[in-house]
Amino acid sequence: MLRSARLALLRGLGALGIDEAALRTRWRRNRLLILGYHGIALDDEHHWDPELYMPAETLCRRLELIRDAGCHVLALDDAISHLYAGDLPPRSVALTFDDGAYDFYARAFPIVEAFGYPVTVYFTTYYAELARPVYDAMASYLLWKGRGRVLRWPEVLGQLRDVALTEGGRDVVGERLRRFPVEHGLSGRDKDALLARLAALLDVDYDVILKKRLLQLMTLAEAGELARRGVDLQLHTHRHRLSLEEAVFIREVEDNRERLRRLRASEATHFCYPGGVARREFLPWLRRRNVASATTCDPGMASRRHDRLLLPRYVDTAGHTDAEFRGWLTGVAAFMPRRRQAEATGQFLEVCGRA
């Protein structure tokens, strides 16, 4: 209901030309729109999870809207510098992609490059070294591919027998698959073998998935190639996880940074919270590690009033309309009510898989 009302209002503002006028205001000039993206589908991933994946043509359409609105797309480091110096060019935008998936290399970058826009990739590096699919994401994807089937797997599911892979059944099995590697101390290779066994039980061809490199990250060599072509690789932790223990948190950042040193000409100093989970206790830890900025998944327009380590981003998805996207380009969407992202809890805060 809230979204329907918001869409109707955005369309009305567009029809009246108010959104175009908003683009030219001093308020918009003093604000930076940081756009966040995840995956660009290589196959059917956007049908599995449209919150994470969008078709390539949708990304292309977004960049056309940016161009048609006359926005200035800045490199992230330049955008942050200009934001806090108070001299942003009008209609400033920065493009960011999370994780560094292979689909960025194969699908997204060629599109962004064709528009001539600078882009930042917050690159998590464990699975880039492992060169196998991200475990939690692939487990969920395989269960989706096997939807409608009945799964019998006593070695993993224990007393859960003959689980029908309805939406609820997939949630139950998915939770068990998340816990099983932790309980048994499985390595990354062990977890990949578990995925292969799950695929076989569901009669899904895992070899085809591997050949397509679905739900895999770029290799370090591929990331290095893109860095030489101008892609800005920045911090996203090594294992895509955060800890409430400072030593573990810092190790994740420094393990990530050490890998990026091999790929970049300079030190990585910009950070993105995995899953967008940002807590106040993290801020001094990041400052002590010389992190210059950190982005969240809280929707908003960045201004000088924001802490540099709590910058809002508009995370675009396949489900967002052109009107919603343009509302953020112009800034009018920032004034509309919206639901805030829930914050995760626990010792480890993570999305898309434990290493």
# chains A, B, ... in the order shown; residues from 1 in each chain; ligands from 1

$ residues_around --residues "Ile111 of chain A" --least-positions-apart "2" --cutoff "9 Å" --atoms "only C-alpha atoms" --output "number ranges by chain"
A: 56, 59-60, 63, 107-109, 113-116

$ closest_atom_pairs --of "segment 253-350 of chain A" --to "segment 72-83 of chain A" --cutoff "8 Å" --atoms "only C-alpha atoms" --output "JSON lines"
{"residue": "A:His270", "atom": "CA", "partner": "A:Asp77", "partner_atom": "CA", "distance": 7.9}
{"residue": "A:Ser293", "atom": "CA", "partner": "A:Ile80", "partner_atom": "CA", "distance": 7.7}
{"residue": "A:Ser303", "atom": "CA", "partner": "A:Leu83", "partner_atom": "CA", "distance": 6.8}
{"residue": "A:Arg304", "atom": "CA", "partner": "A:Leu83", "partner_atom": "CA", "distance": 6.4}

$ closest_atom_pairs --of "segment 75-118 of chain A" --to "segment 201-220 of chain A" --cutoff "10 Å" --atoms "only C-alpha atoms" --output "JSON lines"
{"residue": "A:Asp99", "atom": "CA", "partner": "A:Leu217", "partner_atom": "CA", "distance": 7.4}
{"residue": "A:Gly100", "atom": "CA", "partner": "A:Leu217", "partner_atom": "CA", "distance": 5.7}
{"residue": "A:Ala101", "atom": "CA", "partner": "A:Leu217", "partner_atom": "CA", "distance": 3.8}
{"residue": "A:Tyr102", "atom": "CA", "partner": "A:Met218", "partner_atom": "CA", "distance": 4.3}
{"residue": "A:Asp103", "atom": "CA", "partner": "A:Leu214", "partner_atom": "CA", "distance": 7.7}
{"residue": "A:Phe104", "atom": "CA", "partner": "A:Met218", "partner_atom": "CA", "distance": 7.9}
{"residue": "A:Tyr105", "atom": "CA", "partner": "A:Met218", "partner_atom": "CA", "distance": 6.8}
{"residue": "A:Ala106", "atom": "CA", "partner": "A:Met218", "partner_atom": "CA", "distance": 9.2}

$ residues_around --residues "segment 160-172 of chain A" --least-positions-apart "2" --cutoff "9 Å" --atoms "only C-alpha atoms" --output "PyMOL selection string"
chain A and resi 140+143-144+146-154+156-158+174-177

$ select_by_dssp --residues "segment 28-235 of chain A" --states "strand (DSSP E)" --output "JSON, numbers by chain"
{"A": [33, 34, 35, 36, 37, 39, 40, 53, 54, 72, 73, 92, 93, 94, 95, 96, 97, 98, 99, 120, 121, 122, 123, 150, 151, 163, 164, 232, 233, 234, 235]}

$ atom_distance --atom1 "atom CA of Asp232 of chain A" --atom2 "atom CA of Phe325 of chain A"
23.7 Å
